[in-house]
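Colleague: First the structure, then my questions, so here it is.
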Amino acid sequence: MAQYRRVSGSVGLITLQNPPVNALSASVRQGIVDSVKRALGDQKVKSVVICGQNGVFCGGADIREFGRQMSGPPLVPMIHDIEAANKPVVAAIEGSALGGGLELALGCHYRISHSKAKLGLPEVTLGLLPAAGGTQRLPRLIGVPAALNLITTGRHVTAAEALQLGILDHVTEHNTVDVAVKFALSVTGESLDGRRISSFSCAPLSDLDSLFEEAMLKARALQYFFFAQRAVGRWSTPSGARWDTSQPRPVRKAAVIGLGTMGRGITVALAQAGLSVVAVETHAKQLMEAKKAVPSMLKRGAVRGGTTIEPDSITYSETVQAVADVDLVIEAVFEDMALKEKVFQQLSIVCKPDTLLCTNTSSLDVDHLASQTRHPELVVGMHFFAPAHVMKLLEVVYGRRSSPAAVATAMQLGKKMGKVSVAVGNCRGFAGNRMLKRYLEQAFFLLEEGATPELVDRALEEFGFPMGVFRMSDLSGLDVGWRVRKADGLADTSLTGTSARVRQGCRYSPLGDLLCEHGRFGQKTGRGWYQYDKPGGRVAKSDPWLHNFLDEYRARHGLVPRCIDQQEVLERCLFVLINEGFQILEEGIAAGPEDIDAIYVFGYGWPRHRGGPMFYADMVGLERVVERLERYHQAHPNVPYLQPSGLLRRLVANGSPPIHKWRNVIKNRNSQL
Ligand SMILES: CC/C=C\CC(=O)SCCNC(=O)CCNC(=O)[C@H](O)C(C)(C)COP(=O)(O)OP(=O)(O)OC[C@H]1O[C@@H](n2cnc3c(N)ncnc32)[C@H](O)[C@@H]1OP(=O)(O)O
């Protein structure tokens, strides 16, 4: 229902009353219709304010009435009558104005909101359209592009953003209804000609078709990704193991070896999944720190998720002997093969003969680790992403000898931990990091050729990544990749002349290595590709030192900087990553494009509305991807990864079939198993 009263002498105040969110039930709509009629008919009333009780304007249509026989006055004429009123009507928005709630506010002549309120048209998330005027009034008020974005994403915007977009007339920190009443008094008698949104004309746009085309593409990408997420659960390996024929083993008790950042996150994720966990750390100081950190991570998670955690589900130990009776072990020690070899040899002796041994390595050889054990068929990779208790992605890496049951068990455990588990074959970097390597290389090459970290990051962020490659590198730490390159014998900055920029016959950029030698590890040292106000600082600022350093570097190597545009950044960085994805499919490291897309969306921040790298390639057109790669390869013949992969060429030769038909063309000729 709605309560009506006259306040401040001449303002008719209509308060929606339908706990908990004042949704527009039949009786609320009836209450509004009756109250508006009363206010307009009362000569003492010169203006009207509409608000909601208990600090919420209106949560939209009453979802509890969905599926029932429609009764009460319909929304569209009700809102239209408000707009047509000859007295000013002001919406006083607190809490939320969503769906029909925002449509009601758009029918009012003025909108005043509290700074903490949220506004939006979330109908799309319920399979509806904002059909009570939202699709008509919002574009007229804020323009088609911004309205299309709100309508197709259903996202809620803050009052500040709504003000900036032009949805709101005023935002207040004070009592919104009081402010709205004062405002209503101040506009009494003013002309309403320019306040009725449905009479506004829509600003003409020359590129309207392409705008709608873009929105359609986003919708297609989201629909594709919905099914892609589900497809990855139906895993298969080139040896013929499959999700529906492989029986997972029960896992009740698990162990984590190594309680650094990753190990702690994995311990938390296992405990949150209801497992009993043995957490092992051989360094006393690190163990002590983990004993403090893990319970507080669990507590924070429980508060967020409204769950309870058995405090004694985790036992800590300083020795590997403590894992003798567990069903599954996840090794998360430092990324060093010799150290991991030793751990696997120990585990093979200590554990029950049927214990599954998993490694959280991000790139090392799972087959080699399996060869250190008595039961290599029970070894798989479980590659988590930091922070392991938050990130959704888990790469389950099967080796040459991993049994179907071992793969099925790791996949099922991942699911139990709330992860999207993707089965991939064993190769350097598996699927995700292998592709990332090519993307990073191109970003470095672009700096050598004249780009700045700011330019590259801007292009990637405008594409939709939450962070560009350099900001991301500063966040995760430049030293991580440096250590790997040193172990691989690549990071040698003593080389001079042309050999400084070539390794194993291919182009190499030592820029990352040089920065690390200057102690610039990113956020943790307060300096990286950007500068930060202090070590651990989060806000990246452009760094003149870095720009000078790049100038000197180019001069030293005789590189003449050129103008690089955003399109080249995107094509160089993304197409080379995509090309590696095709190579991975060709080799059978990933079973289908959906696997790669799920890995990139859930693990690497690829924007979901672009469906993932393989879907994006399909959208751009495979022929175009080939043509651009060939062109860049011609310009950079010492970068072999710019050569289009065999599978990509075969797909083009087969008439570029749509992505759901690629599996027919993929032949796992170079399968790893
Ligand atoms: C003719 C069609 C016209 C228009 C189309 C529409 O309007 S479609 C509906 C569009 N509205 C929405 O989608 C809003 C959905 N609700 C929310 O987003 C949130 O609930 C909201 C309003 C932001 C509040 O969030 P908060 O976190 O504060 O609370 P919570 O989500 O737990 O909800 C509290 C209780 O309110 C109930 N509820 C929420 N929205 C509605 C609604 N539109 N109709 C009926 N009930 C609603 C919700 O179920 C909770 O109830 P409870 O009994 O406590 O579980």
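Simple scheme: letters A, B, ... for chains in structure tokens order, numbers from 1 for residues in each chain, numbers from 1 for ligands in the order shown.
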Fewer than 2 positions away in the same chain doesn't count, so skip those; otherwise give me all residues within 10 Å of stretch 560-564 of chain A, counting only C-alpha atoms, as a PyMOL selection string.
Modeller: chain A and resi 446-452+455-456+550-551+554-555+557-558+566-569
Colleague: Show me a table, sorted first by chain and then by increasing residue number, of the residues of chain A having an atom at most 6 Å from ligand 1, each with its shortest atom pair and the distance in Å to one decimal, counting only C-alpha atoms and all ligand atoms and written as a Markdown table.
Modeller:
```
| residue | atom | partner | partner_atom_place_in_ligand_line | distance |
| --- | --- | --- | --- | --- |
| A:Pro20 | CA | ligand 1 | 36 (O) | 4.9 |
| A:Val21 | CA | ligand 1 | 36 (O) | 5.5 |
| A:Ala23 | CA | ligand 1 | 44 (N) | 5.1 |
| A:Gly59 | CA | ligand 1 | 22 (C) | 4.6 |
| A:Gly60 | CA | ligand 1 | 7 (O) | 3.5 |
| A:Ala61 | CA | ligand 1 | 7 (O) | 3.7 |
| A:Asp62 | CA | ligand 1 | 44 (N) | 3.6 |
| A:Ile63 | CA | ligand 1 | 44 (N) | 3.9 |
| A:Arg64 | CA | ligand 1 | 45 (C) | 5.3 |
| A:Ser96 | CA | ligand 1 | 22 (C) | 6.0 |
| A:Leu98 | CA | ligand 1 | 11 (N) | 5.2 |
| A:Gly99 | CA | ligand 1 | 7 (O) | 3.6 |
| A:Gly100 | CA | ligand 1 | 7 (O) | 3.8 |
| A:Pro122 | CA | ligand 1 | 13 (O) | 5.1 |
| A:Glu123 | CA | ligand 1 | 8 (S) | 4.8 |
| A:Pro130 | CA | ligand 1 | 5 (C) | 5.8 |
| A:Ala132 | CA | ligand 1 | 3 (C) | 5.7 |
```
Colleague: Let's have the selection written as a PDB file, in the first residue's frame, with N, CA and C atoms.
Modeller:
```pdb
ATOM      1  N   PRO A  20       9.904  -6.070   2.433  1.00  0.00           N
ATOM      2  CA  PRO A  20      11.081  -5.367   2.949  1.00  0.00           C
ATOM      3  C   PRO A  20      11.612  -4.277   2.019  1.00  0.00           C
ATOM      4  N   VAL A  21      11.215  -4.255   0.711  1.00  0.00           N
ATOM      5  CA  VAL A  21      11.869  -3.283  -0.182  1.00  0.00           C
ATOM      6  C   VAL A  21      10.852  -2.391  -0.913  1.00  0.00           C
ATOM      7  N   ALA A  23       8.352  -3.126  -2.752  1.00  0.00           N
ATOM      8  CA  ALA A  23       8.137  -3.548  -4.137  1.00  0.00           C
ATOM      9  C   ALA A  23       6.732  -3.165  -4.581  1.00  0.00           C
ATOM     10  N   GLY A  59      12.183  -1.531  -4.613  1.00  0.00           N
ATOM     11  CA  GLY A  59      12.973  -2.623  -5.220  1.00  0.00           C
ATOM     12  C   GLY A  59      12.385  -3.117  -6.530  1.00  0.00           C
ATOM     13  N   GLY A  60      11.404  -2.422  -7.085  1.00  0.00           N
ATOM     14  CA  GLY A  60      10.861  -2.829  -8.388  1.00  0.00           C
ATOM     15  C   GLY A  60       9.608  -3.662  -8.251  1.00  0.00           C
ATOM     16  N   ALA A  61       9.300  -4.378  -9.332  1.00  0.00           N
ATOM     17  CA  ALA A  61       8.103  -5.233  -9.314  1.00  0.00           C
ATOM     18  C   ALA A  61       8.205  -6.193  -8.135  1.00  0.00           C
ATOM     19  N   ASP A  62       7.053  -6.572  -7.571  1.00  0.00           N
ATOM     20  CA  ASP A  62       7.083  -7.507  -6.446  1.00  0.00           C
ATOM     21  C   ASP A  62       7.280  -8.917  -6.996  1.00  0.00           C
ATOM     22  N   ILE A  63       8.495  -9.420  -6.804  1.00  0.00           N
ATOM     23  CA  ILE A  63       8.842 -10.714  -7.403  1.00  0.00           C
ATOM     24  C   ILE A  63       7.941 -11.826  -6.861  1.00  0.00           C
ATOM     25  N   ARG A  64       7.423 -11.617  -5.661  1.00  0.00           N
ATOM     26  CA  ARG A  64       6.550 -12.647  -5.074  1.00  0.00           C
ATOM     27  C   ARG A  64       5.253 -12.799  -5.856  1.00  0.00           C
ATOM     28  N   SER A  96      17.343   1.746  -2.467  1.00  0.00           N
ATOM     29  CA  SER A  96      17.398   1.269  -3.849  1.00  0.00           C
ATOM     30  C   SER A  96      16.257   1.838  -4.669  1.00  0.00           C
ATOM     31  N   LEU A  98      15.209   0.268  -8.098  1.00  0.00           N
ATOM     32  CA  LEU A  98      15.584  -0.763  -9.071  1.00  0.00           C
ATOM     33  C   LEU A  98      14.385  -1.167  -9.916  1.00  0.00           C
ATOM     34  N   GLY A  99      14.662  -1.531 -11.165  1.00  0.00           N
ATOM     35  CA  GLY A  99      13.614  -2.028 -12.047  1.00  0.00           C
ATOM     36  C   GLY A  99      12.451  -1.049 -12.107  1.00  0.00           C
ATOM     37  N   GLY A 100      11.247  -1.575 -11.789  1.00  0.00           N
ATOM     38  CA  GLY A 100      10.051  -0.727 -11.796  1.00  0.00           C
ATOM     39  C   GLY A 100      10.203   0.459 -10.857  1.00  0.00           C
ATOM     40  N   PRO A 122      17.651  -3.922 -13.322  1.00  0.00           N
ATOM     41  CA  PRO A 122      18.185  -5.289 -13.321  1.00  0.00           C
ATOM     42  C   PRO A 122      17.270  -6.317 -13.986  1.00  0.00           C
ATOM     43  N   GLU A 123      16.251  -5.863 -14.717  1.00  0.00           N
ATOM     44  CA  GLU A 123      15.279  -6.800 -15.298  1.00  0.00           C
ATOM     45  C   GLU A 123      15.948  -7.924 -16.079  1.00  0.00           C
ATOM     46  N   PRO A 130      12.990  -3.864 -19.168  1.00  0.00           N
ATOM     47  CA  PRO A 130      12.383  -2.763 -18.404  1.00  0.00           C
ATOM     48  C   PRO A 130      11.229  -2.165 -19.213  1.00  0.00           C
ATOM     49  N   ALA A 132       8.300  -1.002 -18.310  1.00  0.00           N
ATOM     50  CA  ALA A 132       7.395   0.014 -17.766  1.00  0.00           C
ATOM     51  C   ALA A 132       7.966   1.404 -18.036  1.00  0.00           C
TER      52      ALA A 132
END
```
Colleague: Could you give me the residues within stretch 219-417 of chain A that DSSP places in helix (DSSP H, G or I), as a ChimeraX atom specification?
Modeller: /A:219-231,261-272,284-305,311-313,320-323,337-350,366-370,376-378,404-416
Colleague: Could you check which of A:Thr176, A:Ser296, A:Ser246, A:Ser362 is closest to A:Ala431, using only C-alpha atoms?
Modeller: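 The closest residue to A:Ala431 is A:Ser362.
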Colleague: Which residues of stretch 196-241 of chain A have any atom within 12 Å of an atom in stretch 141-158 of chain A when counting only C-alpha atoms, and what is the closest pair of atoms for each, with the distance in Å to one decimal? Order the rows by chain and rising number and write it as CSV.
Modeller:
```
residue,atom,partner,partner_atom,distance
A:Arg196,CA,A:Leu141,CA,9.8
A:Ile197,CA,A:Leu141,CA,6.4
A:Ser198,CA,A:Leu141,CA,8.7
A:Ser199,CA,A:Leu141,CA,10.1
A:Phe200,CA,A:Leu141,CA,7.5
A:Ser201,CA,A:Leu141,CA,8.9
A:Cys202,CA,A:Gly143,CA,6.7
A:Ala203,CA,A:Gly143,CA,6.3
A:Pro204,CA,A:Val144,CA,8.9
A:Leu205,CA,A:Val144,CA,8.3
A:Ser206,CA,A:Val144,CA,11.6
A:Asp207,CA,A:Pro145,CA,10.2
A:Leu208,CA,A:Val144,CA,8.3
A:Asp209,CA,A:Pro145,CA,11.3
A:Ser210,CA,A:Pro145,CA,10.8
A:Leu211,CA,A:Pro145,CA,7.2
A:Phe212,CA,A:Leu148,CA,8.4
A:Glu213,CA,A:Leu148,CA,11.5
A:Glu214,CA,A:Leu148,CA,10.4
A:Ala215,CA,A:Thr152,CA,7.5
A:Met216,CA,A:Thr152,CA,9.4
A:Leu217,CA,A:Thr152,CA,11.4
A:Lys218,CA,A:Thr152,CA,8.9
A:Ala219,CA,A:Thr152,CA,8.0
A:Arg220,CA,A:Thr152,CA,11.7
A:Leu222,CA,A:Thr153,CA,10.3
```
Colleague: As an exercise, work out the distance from atom CA of A:Val343 to atom CA of A:Ala408 in Å and give it to one decimal place.
Modeller: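 Computing the Euclidean distance for atom CA of A:Val343 and atom CA of A:Ala408 yields 23.4 Å.
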Colleague: Would you return as a VMD selection string the members of stretch 274-491 of chain A that DSSP assigns to strand (DSSP E) on this structure's backbone?
Modeller: chain A and resid 276 to 280 314 to 317 328 to 331 356 to 359 379 to 384 393 to 398 420 to 425
Colleague: Taking into account only C-alpha atoms, which residue in the set A:Asp34, A:Glu281, A:Asp336, A:Glu331 is nearest to A:Thr315?
Modeller: A:Glu281
Colleague: Considering only C-alpha atoms, state which residue in the set A:Gln442, A:His609, A:Ile82, A:His109 is at the smallest distance from A:Thr188.
Modeller: A:His109
Colleague: Please identify all polymer residues within 8 Å of A:Ala370, counting only C-alpha atoms, omitting same-chain residues fewer than 5 positions from it, and present them as a list in words.
Modeller: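 Here the answer would be Phe344, His375, Pro376, Glu377, Leu378, Val379, Val380 and Gly399 of chain A.
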Colleague: Would you mind listing what lies within 10 Å of A:Val7 as a VMD selection string, with only C-alpha atoms counted and same-chain residues fewer than 2 positions away left out?
Modeller: chain A and resid 4 to 5 9 to 13 45 48 to 49 181
Colleague: With N, CA, C and O atoms retained, export the selected residues as a PDB file, in the first residue's frame.
Modeller:
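See selection36.pdb below for the written result:
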```pdb
ATOM      1  N   TYR A   4      -0.593   8.389   2.408  1.00  0.00           N
ATOM      2  CA  TYR A   4      -0.616   9.752   1.867  1.00  0.00           C
ATOM      3  C   TYR A   4      -0.819  10.751   2.992  1.00  0.00           C
ATOM      4  O   TYR A   4      -1.660  10.554   3.863  1.00  0.00           O
ATOM      5  N   ARG A   5      -0.017  11.810   2.997  1.00  0.00           N
ATOM      6  CA  ARG A   5      -0.283  12.915   3.934  1.00  0.00           C
ATOM      7  C   ARG A   5       0.271  14.211   3.359  1.00  0.00           C
ATOM      8  O   ARG A   5       1.161  14.163   2.487  1.00  0.00           O
ATOM      9  N   GLY A   9       2.664  22.233   4.663  1.00  0.00           N
ATOM     10  CA  GLY A   9       1.567  23.054   4.142  1.00  0.00           C
ATOM     11  C   GLY A   9       1.084  22.657   2.770  1.00  0.00           C
ATOM     12  O   GLY A   9      -0.096  22.410   2.570  1.00  0.00           O
ATOM     13  N   SER A  10       1.992  22.502   1.799  1.00  0.00           N
ATOM     14  CA  SER A  10       1.498  22.326   0.427  1.00  0.00           C
ATOM     15  C   SER A  10       2.138  21.161  -0.336  1.00  0.00           C
ATOM     16  O   SER A  10       2.055  21.108  -1.554  1.00  0.00           O
ATOM     17  N   VAL A  11       2.818  20.256   0.391  1.00  0.00           N
ATOM     18  CA  VAL A  11       3.445  19.124  -0.322  1.00  0.00           C
ATOM     19  C   VAL A  11       2.706  17.831   0.016  1.00  0.00           C
ATOM     20  O   VAL A  11       2.564  17.461   1.188  1.00  0.00           O
ATOM     21  N   GLY A  12       2.247  17.151  -1.004  1.00  0.00           N
ATOM     22  CA  GLY A  12       1.613  15.846  -0.816  1.00  0.00           C
ATOM     23  C   GLY A  12       2.709  14.789  -0.765  1.00  0.00           C
ATOM     24  O   GLY A  12       3.436  14.616  -1.733  1.00  0.00           O
ATOM     25  N   LEU A  13       2.834  14.115   0.395  1.00  0.00           N
ATOM     26  CA  LEU A  13       3.905  13.119   0.550  1.00  0.00           C
ATOM     27  C   LEU A  13       3.319  11.715   0.431  1.00  0.00           C
ATOM     28  O   LEU A  13       2.459  11.324   1.239  1.00  0.00           O
ATOM     29  N   VAL A  45      -2.533  21.371  -2.142  1.00  0.00           N
ATOM     30  CA  VAL A  45      -1.274  20.702  -2.522  1.00  0.00           C
ATOM     31  C   VAL A  45      -0.742  21.308  -3.809  1.00  0.00           C
ATOM     32  O   VAL A  45      -1.428  21.359  -4.828  1.00  0.00           O
ATOM     33  N   VAL A  48       4.338  17.366  -5.152  1.00  0.00           N
ATOM     34  CA  VAL A  48       4.228  16.012  -4.578  1.00  0.00           C
ATOM     35  C   VAL A  48       5.624  15.406  -4.422  1.00  0.00           C
ATOM     36  O   VAL A  48       6.501  15.616  -5.267  1.00  0.00           O
ATOM     37  N   VAL A  49       5.811  14.637  -3.334  1.00  0.00           N
ATOM     38  CA  VAL A  49       7.057  13.864  -3.165  1.00  0.00           C
ATOM     39  C   VAL A  49       6.673  12.397  -3.016  1.00  0.00           C
ATOM     40  O   VAL A  49       5.746  12.065  -2.276  1.00  0.00           O
ATOM     41  N   VAL A 181      11.313  17.437   0.071  1.00  0.00           N
ATOM     42  CA  VAL A 181      10.143  18.278   0.383  1.00  0.00           C
ATOM     43  C   VAL A 181      10.505  19.748   0.183  1.00  0.00           C
ATOM     44  O   VAL A 181       9.763  20.514  -0.450  1.00  0.00           O
TER      45      VAL A 181
END
```
Colleague: Using only C-alpha atoms, pick whichever of A:Met78, A:Ala85, A:Leu168, A:Ala322 has the shortest atom-to-atom distance to A:Ile112.
Modeller: A:Leu168
Colleague: So that I can see what lies close to A:Ile578, please list as a ChimeraX atom specification the residues with an atom at most 10 Å from it, counting only C-alpha atoms and leaving out residues fewer than 3 positions away in the same chain.
Modeller: /A:435-436,438-439,571,573-575,581-584,596,612-617,625,644-645,648
Colleague: Given the choices A:Met467, A:Leu515, A:Leu356, A:Ala386, which gets closest to A:Pro248 if the distance is worked out from only C-alpha atoms?
Modeller: A:Leu356
Colleague: Smallest atom-to-atom distance to A:Gln136: which of A:Ala26, A:Leu478, A:Leu192, A:Val76, using only C-alpha atoms?
Modeller: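 Of all the options, A:Val76 lies closest to A:Gln136.
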Colleague: Do a neighbour search on A:Ala540 at 8 Å with only C-alpha atoms, toss out local chain neighbours closer than 2 positions, and write the hits as a ChimeraX atom specification.
Modeller: /A:471,530-532,538,542
Colleague: I want to know what sits within 10 Å of A:His174, based on only C-alpha atoms, with residues of the same chain fewer than 4 positions away left out; could you give that as a list in words?
Modeller: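 Selected residues are Ser113, His114, Ser115, Asp178 and Val179 of chain A.
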Colleague: Taking a cut-off of 12 Å and counting only C-alpha atoms, can you build a table that, for each residue of stretch 143-246 of chain A near stretch 423-427 of chain A, reports the nearest atom pair and how far apart they are in Å (one decimal), sorted by chain then residue number, as JSON lines?
Modeller:
```
{"residue": "A:Ala231", "atom": "CA", "partner": "A:Ala423", "partner_atom": "CA", "distance": 11.3}
{"residue": "A:Val232", "atom": "CA", "partner": "A:Ala423", "partner_atom": "CA", "distance": 7.7}
{"residue": "A:Gly233", "atom": "CA", "partner": "A:Ala423", "partner_atom": "CA", "distance": 8.5}
{"residue": "A:Arg234", "atom": "CA", "partner": "A:Ala423", "partner_atom": "CA", "distance": 9.4}
{"residue": "A:Trp235", "atom": "CA", "partner": "A:Ala423", "partner_atom": "CA", "distance": 6.3}
{"residue": "A:Ser236", "atom": "CA", "partner": "A:Ala423", "partner_atom": "CA", "distance": 7.6}
{"residue": "A:Thr237", "atom": "CA", "partner": "A:Gly425", "partner_atom": "CA", "distance": 7.8}
{"residue": "A:Pro238", "atom": "CA", "partner": "A:Gly425", "partner_atom": "CA", "distance": 8.8}
{"residue": "A:Ser239", "atom": "CA", "partner": "A:Gly425", "partner_atom": "CA", "distance": 10.7}
{"residue": "A:Ala241", "atom": "CA", "partner": "A:Ala423", "partner_atom": "CA", "distance": 11.0}
{"residue": "A:Arg242", "atom": "CA", "partner": "A:Ala423", "partner_atom": "CA", "distance": 10.3}
{"residue": "A:Trp243", "atom": "CA", "partner": "A:Ala423", "partner_atom": "CA", "distance": 10.0}
```
